[in-house]
file run-v2.txt (compact mmCIF, C-alpha atoms and all ligand atoms)
# COMPACT_ATOMS: atom_id res chain seq x y z
CA MET A 1 99.97 145.83 42.34
CA GLN A 2 98.37 145.03 39.00
CA PHE A 3 94.56 144.87 38.80
CA GLN A 4 94.33 144.61 35.01
CA LEU A 5 93.62 141.37 33.18
CA THR A 6 96.02 140.43 30.39
CA GLU A 7 94.96 140.12 26.73
CA GLU A 8 95.06 136.34 27.18
CA HIS A 9 92.80 136.48 30.25
CA LEU A 10 90.32 138.66 28.35
CA MET A 11 90.31 136.17 25.45
CA ILE A 12 89.64 133.24 27.79
CA GLN A 13 86.89 135.21 29.55
CA LYS A 14 85.25 135.99 26.19
CA ALA A 15 85.53 132.38 25.03
CA ALA A 16 83.80 131.24 28.24
CA ARG A 17 81.12 133.93 27.92
CA ASP A 18 80.39 132.99 24.30
CA PHE A 19 80.30 129.32 25.23
CA ALA A 20 77.84 129.97 28.06
CA GLN A 21 75.56 132.11 25.87
CA ASN A 22 75.64 129.85 22.81
CA GLU A 23 75.86 126.38 24.32
CA CYS A 24 74.52 126.57 27.87
CA LEU A 25 71.67 129.07 27.69
CA PRO A 26 69.58 127.12 25.15
CA GLY A 27 67.69 124.46 27.11
CA VAL A 28 68.93 125.45 30.57
CA ILE A 29 65.39 125.77 31.96
CA GLU A 30 64.40 122.34 30.59
CA ARG A 31 67.57 120.66 31.85
CA ASP A 32 66.88 122.09 35.31
CA GLU A 33 63.22 121.04 35.19
CA HIS A 34 63.97 117.46 34.08
CA GLN A 35 67.27 117.11 35.98
CA LYS A 36 69.04 116.39 32.69
CA PHE A 37 72.81 116.05 32.95
CA PRO A 38 74.46 118.57 30.54
CA ARG A 39 76.61 115.95 28.79
CA GLU A 40 76.82 117.73 25.41
CA GLN A 41 77.72 121.03 27.03
CA ILE A 42 80.50 119.44 29.09
CA LEU A 43 81.87 117.63 26.02
CA LYS A 44 82.06 120.98 24.22
CA LEU A 45 83.71 122.52 27.27
CA ALA A 46 86.30 119.74 27.03
CA GLU A 47 86.92 120.63 23.36
CA LEU A 48 87.74 124.18 24.50
CA GLY A 49 90.30 122.75 26.95
CA PHE A 50 88.22 123.92 29.94
CA MET A 51 88.02 120.54 31.71
CA GLY A 52 91.75 120.47 32.40
CA MET A 53 92.47 124.18 32.29
CA MET A 54 95.38 124.32 34.72
CA VAL A 55 96.97 120.97 33.87
CA SER A 56 100.30 121.09 32.06
CA PRO A 57 100.11 120.35 28.30
CA ASP A 58 102.55 117.49 29.09
CA TYR A 59 99.55 115.72 30.68
CA GLY A 60 96.87 116.72 28.19
CA GLY A 61 95.87 119.99 29.87
CA ALA A 62 95.52 123.55 28.60
CA GLY A 63 98.32 124.97 30.78
CA MET A 64 96.33 128.04 31.84
CA ASP A 65 96.65 129.82 35.18
CA THR A 66 94.17 129.88 38.07
CA ILE A 67 93.09 133.45 37.23
CA SER A 68 91.85 132.15 33.86
CA TYR A 69 90.01 129.38 35.67
CA VAL A 70 88.21 131.91 37.93
CA LEU A 71 87.21 133.98 34.89
CA ALA A 72 85.90 130.96 32.99
CA MET A 73 84.06 129.58 36.04
CA GLU A 74 82.34 132.93 36.59
CA GLU A 75 81.12 133.15 32.99
CA VAL A 76 79.81 129.57 32.78
CA SER A 77 78.16 129.86 36.23
CA LYS A 78 76.25 132.98 35.20
CA ILE A 79 74.20 130.75 32.92
CA ASP A 80 74.37 127.14 34.15
CA ALA A 81 75.84 126.13 37.52
CA SER A 82 75.11 122.46 36.72
CA VAL A 83 77.72 122.68 33.97
CA SER A 84 80.18 124.66 36.07
CA VAL A 85 80.10 122.29 39.06
CA ALA A 86 81.22 119.40 36.81
CA MET A 87 83.91 121.72 35.43
CA SER A 88 85.03 122.73 38.91
CA VAL A 89 85.22 119.21 40.37
CA ASN A 90 87.11 117.85 37.36
CA ASN A 91 89.55 120.77 37.20
CA SER A 92 90.37 121.58 40.77
CA LEU A 93 89.67 118.44 42.76
CA VAL A 94 90.38 115.61 40.35
CA CYS A 95 92.97 116.91 37.85
CA TRP A 96 94.82 119.14 40.30
CA GLY A 97 94.96 116.39 42.94
CA LEU A 98 96.35 113.91 40.39
CA GLU A 99 98.86 116.31 38.87
CA LYS A 100 100.15 117.49 42.23
CA PHE A 101 100.27 114.19 44.11
CA GLY A 102 100.02 111.38 41.53
CA SER A 103 102.94 109.20 40.44
CA GLU A 104 104.17 109.47 36.83
CA GLU A 105 102.34 106.20 35.99
CA GLN A 106 99.11 107.46 37.58
CA LYS A 107 99.35 110.71 35.63
CA GLN A 108 99.94 108.98 32.31
CA LYS A 109 97.14 106.49 32.85
CA TYR A 110 94.48 108.63 34.56
CA LEU A 111 95.30 112.35 34.35
CA VAL A 112 95.86 112.59 30.59
CA PRO A 113 92.31 111.56 29.55
CA LEU A 114 90.72 113.37 32.54
CA ALA A 115 92.47 116.64 31.65
CA GLN A 116 91.15 116.29 28.10
CA GLY A 117 87.69 115.47 29.45
CA ARG A 118 87.34 112.88 26.68
CA LYS A 119 88.44 109.38 25.79
CA ASN A 120 87.65 107.84 22.40
CA GLY A 121 85.25 110.73 21.69
CA GLU A 122 83.22 110.03 24.86
CA LEU A 123 82.96 112.19 27.97
CA HIS A 124 85.65 111.19 30.46
CA ILE A 125 85.58 113.01 33.81
CA GLY A 126 86.27 112.34 37.47
CA ALA A 127 84.66 112.67 40.89
CA PHE A 128 85.96 113.31 44.41
CA LEU A 129 84.60 110.93 47.05
CA LEU A 130 85.10 112.24 50.56
CA SER A 131 81.59 112.83 52.01
CA GLU A 132 79.77 110.00 53.75
CA PRO A 133 76.37 109.68 55.40
CA GLU A 134 78.02 110.53 58.74
CA ALA A 135 81.15 112.33 57.58
CA GLY A 136 80.26 115.61 55.88
CA SER A 137 81.82 118.58 57.64
CA ASP A 138 83.44 116.13 60.08
CA ALA A 139 85.58 114.68 57.33
CA THR A 140 88.03 112.81 59.58
CA SER A 141 85.21 110.45 60.66
CA GLN A 142 85.54 108.27 57.56
CA ARG A 143 83.75 104.91 57.80
CA THR A 144 84.65 103.67 54.31
CA TYR A 145 87.37 101.14 55.00
CA ALA A 146 90.31 100.10 52.82
CA GLU A 147 91.91 97.00 54.26
CA ASP A 148 95.59 96.57 53.40
CA LYS A 149 96.08 93.13 51.84
CA GLY A 150 99.70 93.48 50.79
CA ASP A 151 99.72 94.24 47.06
CA HIS A 152 96.14 95.55 47.09
CA TYR A 153 93.40 96.99 49.32
CA ILE A 154 89.83 95.78 49.77
CA LEU A 155 87.46 98.73 49.81
CA ASN A 156 84.05 98.71 51.54
CA GLY A 157 81.69 101.56 52.37
CA THR A 158 79.35 104.26 51.15
CA LYS A 159 79.98 107.77 49.85
CA ASN A 160 77.25 110.29 49.30
CA TRP A 161 76.51 113.65 47.66
CA ILE A 162 78.94 112.73 44.91
CA THR A 163 79.03 115.27 42.09
CA ASN A 164 79.58 113.57 38.67
CA GLY A 165 78.64 110.36 40.50
CA SER A 166 77.26 108.51 37.46
CA SER A 167 78.97 110.41 34.64
CA ALA A 168 82.50 110.07 36.01
CA SER A 169 84.62 107.10 35.05
CA THR A 170 87.36 107.75 37.61
CA TYR A 171 86.87 108.30 41.32
CA LEU A 172 89.32 109.71 43.86
CA VAL A 173 88.21 107.93 47.04
CA MET A 174 89.20 108.71 50.62
CA ALA A 175 89.01 105.75 53.03
CA GLN A 176 90.18 104.78 56.49
CA SER A 177 92.86 102.07 56.68
CA ASP A 178 93.81 102.33 60.35
CA ILE A 179 91.16 103.69 62.72
CA ALA A 180 93.62 103.92 65.62
CA LYS A 181 95.61 106.53 63.66
CA GLY A 182 92.62 108.85 63.11
CA SER A 183 93.16 111.30 60.24
CA LYS A 184 96.67 109.83 59.74
CA GLY A 185 95.10 106.45 58.94
CA ILE A 186 93.17 107.79 55.93
CA ASN A 187 94.31 106.94 52.40
CA ALA A 188 93.30 108.28 48.99
CA PHE A 189 92.81 105.94 46.03
CA ILE A 190 92.12 106.10 42.32
CA VAL A 191 89.18 103.78 41.68
CA GLU A 192 87.62 103.01 38.31
CA LYS A 193 83.82 103.05 38.24
CA SER A 194 83.78 99.94 36.04
CA TRP A 195 85.51 97.76 38.66
CA PRO A 196 83.52 94.90 40.26
CA GLY A 197 81.81 95.92 43.50
CA VAL A 198 81.31 99.60 42.59
CA ALA A 199 77.60 100.55 42.55
CA VAL A 200 76.02 103.90 41.66
CA GLY A 201 72.79 104.73 43.54
CA ALA A 202 69.83 106.77 42.30
CA LYS A 203 70.28 110.40 41.32
CA GLU A 204 69.39 112.84 44.12
CA ASN A 205 66.34 115.05 43.45
CA LYS A 206 67.74 118.44 44.44
CA LEU A 207 66.65 122.03 45.10
CA GLY A 208 69.31 123.46 42.79
CA ILE A 209 72.02 122.46 40.30
CA ARG A 210 69.43 119.92 39.23
CA GLY A 211 71.26 118.98 36.02
CA SER A 212 74.32 117.94 37.98
CA ASP A 213 74.37 114.21 38.69
CA THR A 214 74.65 113.75 42.43
CA HIS A 215 74.68 110.14 43.62
CA THR A 216 75.50 107.78 46.45
CA ILE A 217 78.31 105.39 45.53
CA THR A 218 78.73 102.06 47.31
CA PHE A 219 81.84 99.89 47.41
CA THR A 220 81.53 96.19 48.20
CA ASP A 221 84.80 94.25 48.41
CA VAL A 222 86.36 96.34 45.65
CA LYS A 223 89.93 95.24 44.91
CA VAL A 224 92.16 98.33 44.54
CA PRO A 225 95.78 97.71 43.44
CA LYS A 226 98.34 99.31 45.75
CA GLU A 227 99.74 101.33 42.83
CA ASN A 228 96.41 103.19 42.81
CA ARG A 229 97.01 104.74 46.24
CA LEU A 230 97.81 108.45 46.02
CA GLY A 231 100.94 109.35 47.99
CA GLY A 232 102.33 107.42 50.93
CA ASP A 233 100.40 105.43 53.52
CA GLY A 234 98.16 107.74 55.59
CA PHE A 235 98.43 110.71 53.20
CA GLY A 236 94.70 110.67 52.30
CA PHE A 237 93.40 113.34 54.69
CA THR A 238 96.17 115.79 53.87
CA PHE A 239 95.53 115.03 50.20
CA ALA A 240 91.83 115.85 50.66
CA MET A 241 92.45 119.08 52.60
CA LYS A 242 95.10 120.40 50.22
CA THR A 243 92.97 119.56 47.21
CA LEU A 244 89.86 121.11 48.73
CA ALA A 245 91.71 124.40 49.33
CA GLY A 246 91.97 124.79 45.55
CA GLY A 247 88.47 123.40 45.04
CA ARG A 248 87.16 126.23 47.17
CA ILE A 249 88.53 128.76 44.65
CA GLY A 250 86.44 126.97 42.02
CA ILE A 251 83.24 126.97 44.07
CA ALA A 252 83.82 130.58 45.16
CA SER A 253 84.05 131.47 41.46
CA GLN A 254 80.90 129.51 40.78
CA ALA A 255 79.12 131.50 43.50
CA LEU A 256 80.55 134.71 42.02
CA GLY A 257 79.12 133.74 38.63
CA ILE A 258 75.68 132.96 40.06
CA ALA A 259 75.71 136.36 41.80
CA SER A 260 76.85 138.28 38.74
CA GLY A 261 74.39 136.40 36.50
CA ALA A 262 71.51 137.34 38.82
CA TYR A 263 72.73 140.94 39.05
CA GLU A 264 72.98 141.33 35.26
CA LEU A 265 69.40 140.05 34.89
CA ALA A 266 68.16 142.44 37.61
CA LEU A 267 69.98 145.37 35.99
CA LYS A 268 68.50 144.59 32.57
CA TYR A 269 65.01 144.15 33.97
CA SER A 270 65.21 147.41 35.92
CA LYS A 271 65.84 149.26 32.63
CA GLU A 272 62.83 147.65 30.91
CA ARG A 273 60.14 147.42 33.56
CA LYS A 274 58.05 150.50 34.23
CA ALA A 275 56.23 151.26 37.50
CA PHE A 276 54.76 154.53 38.79
CA GLY A 277 55.35 156.15 35.39
CA LYS A 278 59.06 155.39 34.90
CA GLU A 279 61.54 152.53 34.51
CA ILE A 280 62.11 151.00 37.92
CA MET A 281 65.86 151.83 37.69
CA HIS A 282 64.84 155.43 38.37
CA HIS A 283 63.45 154.48 41.78
CA GLN A 284 65.94 154.80 44.60
CA ALA A 285 64.65 151.58 46.21
CA ILE A 286 65.95 149.68 43.16
CA GLN A 287 69.10 151.80 42.71
CA PHE A 288 70.26 151.02 46.25
CA LYS A 289 69.71 147.30 45.72
CA LEU A 290 71.73 147.40 42.50
CA ALA A 291 74.49 149.40 44.19
CA ASP A 292 74.75 146.89 47.03
CA MET A 293 74.72 143.94 44.62
CA ALA A 294 77.49 145.44 42.47
CA THR A 295 79.61 146.28 45.53
CA ARG A 296 79.35 142.83 47.11
CA ILE A 297 80.04 141.12 43.77
CA GLU A 298 83.15 143.21 43.26
CA CYS A 299 84.41 142.23 46.74
CA ALA A 300 83.73 138.55 45.99
CA ARG A 301 85.52 138.82 42.64
CA LEU A 302 88.58 140.41 44.22
CA LEU A 303 88.75 137.66 46.85
CA CYS A 304 88.50 134.94 44.18
CA LEU A 305 91.19 136.55 42.03
CA LYS A 306 93.48 137.19 45.01
CA SER A 307 93.28 133.55 46.06
CA ALA A 308 93.87 132.40 42.47
CA TRP A 309 96.86 134.73 42.24
CA GLU A 310 98.29 133.32 45.48
CA LYS A 311 97.90 129.80 44.10
CA ASP A 312 99.65 130.78 40.86
CA GLN A 313 102.47 132.36 42.88
CA HIS A 314 102.85 129.10 44.89
CA LEU A 315 101.90 130.92 48.10
CA ASP A 316 99.69 129.41 50.81
CA TYR A 317 96.09 130.03 49.68
CA THR A 318 94.21 128.00 52.34
CA LEU A 319 93.04 131.13 54.16
CA SER A 320 92.19 133.19 51.09
CA SER A 321 90.27 130.36 49.39
CA SER A 322 88.08 129.86 52.47
CA MET A 323 87.51 133.62 52.71
CA ALA A 324 86.61 133.74 49.02
CA LYS A 325 84.29 130.76 49.35
CA VAL A 326 82.38 131.97 52.40
CA PHE A 327 82.01 135.52 51.12
CA ALA A 328 81.17 134.65 47.51
CA SER A 329 78.62 131.99 48.48
CA GLU A 330 76.84 134.31 50.92
CA THR A 331 76.95 137.01 48.24
CA ALA A 332 75.41 134.62 45.71
CA MET A 333 72.53 133.78 48.03
CA TRP A 334 71.91 137.42 48.93
CA VAL A 335 72.23 138.83 45.40
CA ALA A 336 70.07 136.12 43.82
CA THR A 337 67.34 136.68 46.43
CA GLU A 338 67.44 140.44 45.80
CA ALA A 339 67.39 139.86 42.04
CA VAL A 340 64.16 137.88 42.44
CA GLN A 341 62.81 140.79 44.49
CA VAL A 342 63.70 143.33 41.77
CA HIS A 343 61.77 141.18 39.28
CA GLY A 344 58.71 141.03 41.58
CA GLY A 345 56.25 138.30 40.54
CA TYR A 346 58.20 137.63 37.32
CA GLY A 347 61.19 136.66 39.41
CA PHE A 348 59.16 133.83 40.87
CA VAL A 349 58.59 132.10 37.52
CA LYS A 350 61.10 130.02 35.59
CA GLU A 351 61.26 131.99 32.31
CA TYR A 352 63.13 134.87 33.96
CA HIS A 353 66.01 132.63 35.17
CA VAL A 354 66.57 134.35 38.53
CA GLU A 355 64.58 131.81 40.56
CA ARG A 356 66.94 129.07 39.26
CA LEU A 357 69.98 131.14 40.15
CA MET A 358 68.53 131.64 43.65
CA ARG A 359 68.04 127.87 44.04
CA ASP A 360 71.50 127.14 42.61
CA ALA A 361 73.13 129.69 44.94
CA LYS A 362 72.20 127.70 48.04
CA ILE A 363 74.50 124.75 47.37
CA THR A 364 77.56 127.02 47.20
CA GLN A 365 77.12 127.59 50.96
CA ILE A 366 77.10 123.84 51.54
CA TYR A 367 79.45 121.86 49.29
CA GLU A 368 83.25 121.75 49.40
CA GLY A 369 82.93 122.80 53.04
CA THR A 370 79.91 124.59 54.50
CA SER A 371 80.09 128.27 55.46
CA GLU A 372 80.63 127.00 59.00
CA VAL A 373 83.64 124.90 57.91
CA GLN A 374 85.14 127.91 56.09
CA ARG A 375 84.84 129.90 59.31
CA ILE A 376 86.64 127.09 61.17
CA VAL A 377 89.49 127.22 58.62
CA ILE A 378 89.63 131.05 58.70
CA SER A 379 89.52 131.37 62.48
CA ARG A 380 92.16 128.65 62.99
CA SER A 381 94.40 130.41 60.52
CA ILE A 382 94.08 133.88 62.05
CA LEU A 383 94.30 132.63 65.65
CA LYS A 384 97.28 130.31 65.32
N1 LIG A 401 96.53 121.06 54.60
C1 LIG A 401 97.28 120.11 55.18
N2 LIG A 401 96.93 119.45 56.30
C2 LIG A 401 95.77 119.78 56.87
C3 LIG A 401 94.92 120.78 56.33
C4 LIG A 401 95.36 121.43 55.15
N3 LIG A 401 94.62 122.38 54.55
N4 LIG A 401 93.83 120.90 57.13
C5 LIG A 401 94.00 120.01 58.12
N5 LIG A 401 95.15 119.34 57.96
C6 LIG A 401 95.72 118.32 58.84
C7 LIG A 401 95.85 118.93 60.24
O1 LIG A 401 97.08 119.61 60.37
C8 LIG A 401 95.77 117.71 61.15
O2 LIG A 401 97.03 117.10 61.23
P1 LIG A 401 97.75 117.00 62.69
O3 LIG A 401 96.89 116.02 63.43
O4 LIG A 401 99.12 116.51 62.37
O5 LIG A 401 97.72 118.37 63.28
C9 LIG A 401 94.86 116.76 60.37
O6 LIG A 401 94.86 117.20 59.00
C10 LIG A 401 93.44 116.78 60.92
O7 LIG A 401 93.00 118.10 60.81
P2 LIG A 401 92.05 118.79 61.88
O8 LIG A 401 92.42 118.38 63.27
O9 LIG A 401 92.04 120.25 61.58
O10 LIG A 401 90.67 118.10 61.51
P3 LIG A 401 89.22 118.43 62.00
O11 LIG A 401 88.53 117.16 62.26
O12 LIG A 401 89.24 119.46 63.09
O13 LIG A 401 88.52 119.04 60.66
C11 LIG A 401 87.90 120.59 58.94
C12 LIG A 401 88.95 120.14 59.97
C13 LIG A 401 88.47 121.88 58.37
C14 LIG A 401 86.52 120.84 59.53
C15 LIG A 401 87.84 119.50 57.83
O14 LIG A 401 87.31 118.30 58.31
C16 LIG A 401 87.03 119.95 56.62
O15 LIG A 401 87.52 120.68 55.76
N6 LIG A 401 85.75 119.49 56.51
C17 LIG A 401 84.92 119.77 55.35
C18 LIG A 401 85.12 118.74 54.30
C19 LIG A 401 84.67 119.20 52.95
O16 LIG A 401 85.00 120.28 52.49
N7 LIG A 401 83.94 118.33 52.26
C20 LIG A 401 83.55 118.61 50.92
C21 LIG A 401 83.34 117.32 50.18
S1 LIG A 401 83.89 117.39 48.55
C22 LIG A 401 82.69 118.14 47.64
O17 LIG A 401 81.76 118.72 48.12
C23 LIG A 401 82.93 118.07 46.20
C24 LIG A 401 81.71 118.17 45.39
O18 LIG A 401 81.14 117.17 45.08
C25 LIG A 401 81.26 119.48 44.90
call {"tool": "encode", "arguments": {"input": "run-v2.txt", "output": "C-alpha cells", "more": "lines below"}}
Ligand code: CAA
result
Amino acid sequence: MQFQLTEEHLMIQKAARDFAQNECLPGVIERDEHQKFPREQILKLAELGFMGMMVSPDYGGAGMDTISYVLAMEEVSKIDASVSVAMSVNNSLVCWGLEKFGSEEQKQKYLVPLAQGRKNGELHIGAFLLSEPEAGSDATSQRTYAEDKGDHYILNGTKNWITNGSSASTYLVMAQSDIAKGSKGINAFIVEKSWPGVAVGAKENKLGIRGSDTHTITFTDVKVPKENRLGGDGFGFTFAMKTLAGGRIGIASQALGIASGAYELALKYSKERKAFGKEIMHHQAIQFKLADMATRIECARLLCLKSAWEKDQHLDYTLSSSMAKVFASETAMWVATEAVQVHGGYGFVKEYHVERLMRDAKITQIYEGTSEVQRIVISRSILK
C-alpha cells in the first residue's frame, strides 16, 4: 500500500494551490456578496487544463488521473467553492459522461471544446440536468418528456438547481421517453443552450456558493436530433447514476477543501489571537477543537483518495464515492462551524472568510445526492 503522492501529483497540487491563492482569493468576498459568476477564474482554470483534467489528450483533455483531480479540487475549494463547483460539474459529470458513453462523433463535436473549457477564446463549459421541481432525490420520477419522433425527439419540461445553468453552452439532459418503463424509459441527451425553445430562468439567490450560477432551465418543443442521444434507448438513468458516482468524488473533494480551508484559517488565527494572557492555541479548549478538525479532515481526505484510486484502477467506486461524499460533506459543515467558533465574533464577519466557508459547506450535503441519498446507496451496497 502506497500512501505517498508522486512528484507529478505534488506539482499539480502546487499549481492548484498557487492558482487559488493568486487568482481566486482576490475578490472572493465581493463575488460572494454580489453573486458574481467567476468567469475569469474559470477561464484561467481552463488554461491550466483543469476543466478537462481526466479527459484523454486525444479529446482535448489533460490526461491526468482522478487522484490529481481530488488534489486540485481540494486546493481550489479551500478558497472559492463557487469556482470549484463549476470545475467539478464540467470535469466529472459532463466530460466524464461524454468520454465514457458518447459516440466518436459526439466526442469530436462536444467533448473536445468542453474538455478545453474554451471555444474561440470564450468560456465553453457544460451542465448536467437531472433535478426537477419534483424529482430531486427521487431521480426516477422525471417529468421532462422527450417524445420519440423517428429521427429526432421533442423535448418539453423544466429542470432546476442547474449549476452552470446560464454559463454553460452544452447541457446533458435526462428525460422520460416511456413512462410505462419507469427508470428504463429515461434517456440522456446532449442539448445546445442556443437551440430554439431552451430558456434560462433567473439566477437563484443562495445561502452559499453564491458566485455559482444556479438556474431553472425550461424546454418548450425543443427539437433534439436522435444522434444527440447518449447510449441506447432507455440508457439515461444508468448514465446518470454511473456519472454521478464519479461526480460524488468531485463534491467530496470540494467538501474536503472547504473543511481544510476553514481549518487552516482557524489554526492561523489561534496562533495570533491572544486571550487570558496567551495565544488561544495554548488553551486546551482550542487545542482539542483543532485536533478533532485535523483528524476528521484526514479521514475525509483518505476516503476521497481511496475512491479516486479505485476509479483509476477501474474498480467499482460507487460505494466508496458515496462514503467519501457523506463523510466529507458532514466534516465540512462541522469543521467550518467550529472554525467560526474558534474565531469568536470575528468569525461572524465576512473579512475573516470562515463564515463564507460555513455557508458554502452546507450545499455539499445537498447536491449530487443528499446525505440521505448517500446513505441509501451505502446501505444498499453493504446489505445486498
Ligand atoms: N449504476 C448503474 N445502475 C444503477 C445505479 C448505478 N450506480 N444505481 C441505480 N441503478 C439502476 C438500478 O439497478 C435500477 O435498475 P433495475 O430496475 O434494473 O434494478 C435502476 O437504476 C433504478 O434504480 P433504483 O431502483 O435504485 O432507483 P431509486 O428510485 O430507488 O433511486 C437513488 C436510487 C440512489 C435514490 C437515486 O435516485 C439517486 O441517486 N438520487 C439522487 C440523484 C442525485 O444525485 N441528483 C443530483 C443532481 S445533479 C447535481 O446536483 C449536479 C450539480 O449541479 C452540482
call {"tool": "axis_aligned_box", "arguments": {"input": "run-v2.txt", "around": "ligand LIG 401 (chain A)", "padding_each_side": "4 Å", "output": "AutoDock Vina command-line options"}}
result
--center_x 90.1 --center_y 119.2 --center_z 54.2 --size_x 26.0 --size_y 14.4 --size_z 26.5
call {"tool": "residues_around", "arguments": {"input": "run-v2.txt", "residues": "Gln176 of chain A", "least_positions_apart": "3", "cutoff": "6 Å", "atoms": "all atoms listed in the file", "output": "JSON, numbers by chain"}}
result
{"A": [142, 145, 146, 185, 186]}
call {"tool": "closest_residue", "arguments": {"input": "run-v2.txt", "among": "A:Glu33, A:Glu330, A:Asp213, A:Asp65", "to": "ligand LIG 401 (chain A)", "atoms": "only C-alpha atoms and all ligand atoms"}}
result
A:Asp213
call {"tool": "closest_residue", "arguments": {"input": "run-v2.txt", "among": "A:Ser131, A:Thr140, A:Thr364, A:Ser177", "to": "Ala255 of chain A", "atoms": "all atoms listed in the file"}}
result
A:Thr364
call {"tool": "residues_around", "arguments": {"input": "run-v2.txt", "residues": "Lys44 of chain A", "least_positions_apart": "4", "cutoff": "12 Å", "atoms": "all atoms listed in the file", "output": "list in words"}}
result
Ala15, Ala16, Phe19, Ala20, Asn22, Glu23, Cys24, Pro38, Arg39, Glu40, Leu48, Gly49, Phe50, Met51, Val83, Met87, Gln116, Gly117, Arg118, Gly121, Glu122 and Leu123 of chain A
call {"tool": "residues_near_ligand", "arguments": {"input": "run-v2.txt", "ligand": "ligand LIG 401 (chain A)", "cutoff": "7 Å", "atoms": "only C-alpha atoms and all ligand atoms", "output": "ChimeraX atom specification"}}
result
/A:85,89,128-131,136-140,161-163,183,237-238,241-242,244-245,318,367-370,373,376-377
call {"tool": "residues_around", "arguments": {"input": "run-v2.txt", "residues": "Ile258 of chain A", "least_positions_apart": "6", "cutoff": "8 Å", "atoms": "all atoms listed in the file", "output": "list in words"}}
result
Glu74, Ser77, Lys78, Ile79, Ala81, Ala332, Ala336, Leu357, Asp360 and Ala361 of chain A
call {"tool": "closest_residue", "arguments": {"input": "run-v2.txt", "among": "A:Ile366, A:Ala339, A:Val70, A:Ile154", "to": "Ala262 of chain A", "atoms": "all atoms listed in the file"}}
result
A:Ala339
call {"tool": "decode", "arguments": {"input": "run-v2.txt", "residues": "segment 126-142 of chain A", "atoms": "N, CA and C atoms", "output": "PDB file, in the first residue's frame"}}
result
ATOM      1  N   GLY A 126     -20.069  22.881 -19.601  1.00  0.00           N
ATOM      2  CA  GLY A 126     -21.332  22.164 -19.673  1.00  0.00           C
ATOM      3  C   GLY A 126     -22.062  22.111 -18.337  1.00  0.00           C
ATOM      4  N   ALA A 127     -23.291  21.593 -18.404  1.00  0.00           N
ATOM      5  CA  ALA A 127     -24.111  21.425 -17.200  1.00  0.00           C
ATOM      6  C   ALA A 127     -24.818  20.073 -17.279  1.00  0.00           C
ATOM      7  N   PHE A 128     -25.259  19.598 -16.127  1.00  0.00           N
ATOM      8  CA  PHE A 128     -25.859  18.261 -16.001  1.00  0.00           C
ATOM      9  C   PHE A 128     -27.284  18.458 -15.493  1.00  0.00           C
ATOM     10  N   LEU A 129     -28.273  18.114 -16.311  1.00  0.00           N
ATOM     11  CA  LEU A 129     -29.658  18.469 -15.990  1.00  0.00           C
ATOM     12  C   LEU A 129     -30.470  17.222 -15.642  1.00  0.00           C
ATOM     13  N   LEU A 130     -30.458  16.898 -14.357  1.00  0.00           N
ATOM     14  CA  LEU A 130     -31.242  15.759 -13.867  1.00  0.00           C
ATOM     15  C   LEU A 130     -32.381  16.254 -12.961  1.00  0.00           C
ATOM     16  N   SER A 131     -32.056  17.134 -11.996  1.00  0.00           N
ATOM     17  CA  SER A 131     -33.039  17.560 -10.983  1.00  0.00           C
ATOM     18  C   SER A 131     -34.218  18.303 -11.591  1.00  0.00           C
ATOM     19  N   GLU A 132     -35.378  18.065 -11.007  1.00  0.00           N
ATOM     20  CA  GLU A 132     -36.603  18.749 -11.431  1.00  0.00           C
ATOM     21  C   GLU A 132     -37.325  19.236 -10.188  1.00  0.00           C
ATOM     22  N   PRO A 133     -38.329  20.093 -10.377  1.00  0.00           N
ATOM     23  CA  PRO A 133     -39.065  20.585  -9.206  1.00  0.00           C
ATOM     24  C   PRO A 133     -39.565  19.441  -8.314  1.00  0.00           C
ATOM     25  N   GLU A 134     -39.953  18.311  -8.921  1.00  0.00           N
ATOM     26  CA  GLU A 134     -40.446  17.194  -8.104  1.00  0.00           C
ATOM     27  C   GLU A 134     -39.625  15.918  -8.305  1.00  0.00           C
ATOM     28  N   ALA A 135     -38.397  16.082  -8.742  1.00  0.00           N
ATOM     29  CA  ALA A 135     -37.512  14.912  -8.884  1.00  0.00           C
ATOM     30  C   ALA A 135     -36.095  15.337  -8.493  1.00  0.00           C
ATOM     31  N   GLY A 136     -35.883  15.381  -7.178  1.00  0.00           N
ATOM     32  CA  GLY A 136     -34.557  15.720  -6.650  1.00  0.00           C
ATOM     33  C   GLY A 136     -33.873  14.432  -6.257  1.00  0.00           C
ATOM     34  N   SER A 137     -34.052  14.025  -4.982  1.00  0.00           N
ATOM     35  CA  SER A 137     -33.512  12.734  -4.549  1.00  0.00           C
ATOM     36  C   SER A 137     -34.188  11.600  -5.312  1.00  0.00           C
ATOM     37  N   ASP A 138     -35.496  11.761  -5.553  1.00  0.00           N
ATOM     38  CA  ASP A 138     -36.270  10.729  -6.259  1.00  0.00           C
ATOM     39  C   ASP A 138     -36.083  10.918  -7.767  1.00  0.00           C
ATOM     40  N   ALA A 139     -34.879  10.589  -8.222  1.00  0.00           N
ATOM     41  CA  ALA A 139     -34.496  10.959  -9.591  1.00  0.00           C
ATOM     42  C   ALA A 139     -35.198  10.156 -10.680  1.00  0.00           C
ATOM     43  N   THR A 140     -35.810   9.012 -10.322  1.00  0.00           N
ATOM     44  CA  THR A 140     -36.504   8.252 -11.377  1.00  0.00           C
ATOM     45  C   THR A 140     -37.841   8.904 -11.772  1.00  0.00           C
ATOM     46  N   SER A 141     -38.316   9.842 -10.937  1.00  0.00           N
ATOM     47  CA  SER A 141     -39.625  10.475 -11.211  1.00  0.00           C
ATOM     48  C   SER A 141     -39.528  11.639 -12.194  1.00  0.00           C
ATOM     49  N   GLN A 142     -38.788  11.452 -13.262  1.00  0.00           N
ATOM     50  CA  GLN A 142     -38.604  12.517 -14.254  1.00  0.00           C
ATOM     51  C   GLN A 142     -39.930  12.892 -14.923  1.00  0.00           C
TER      52      GLN A 142
END
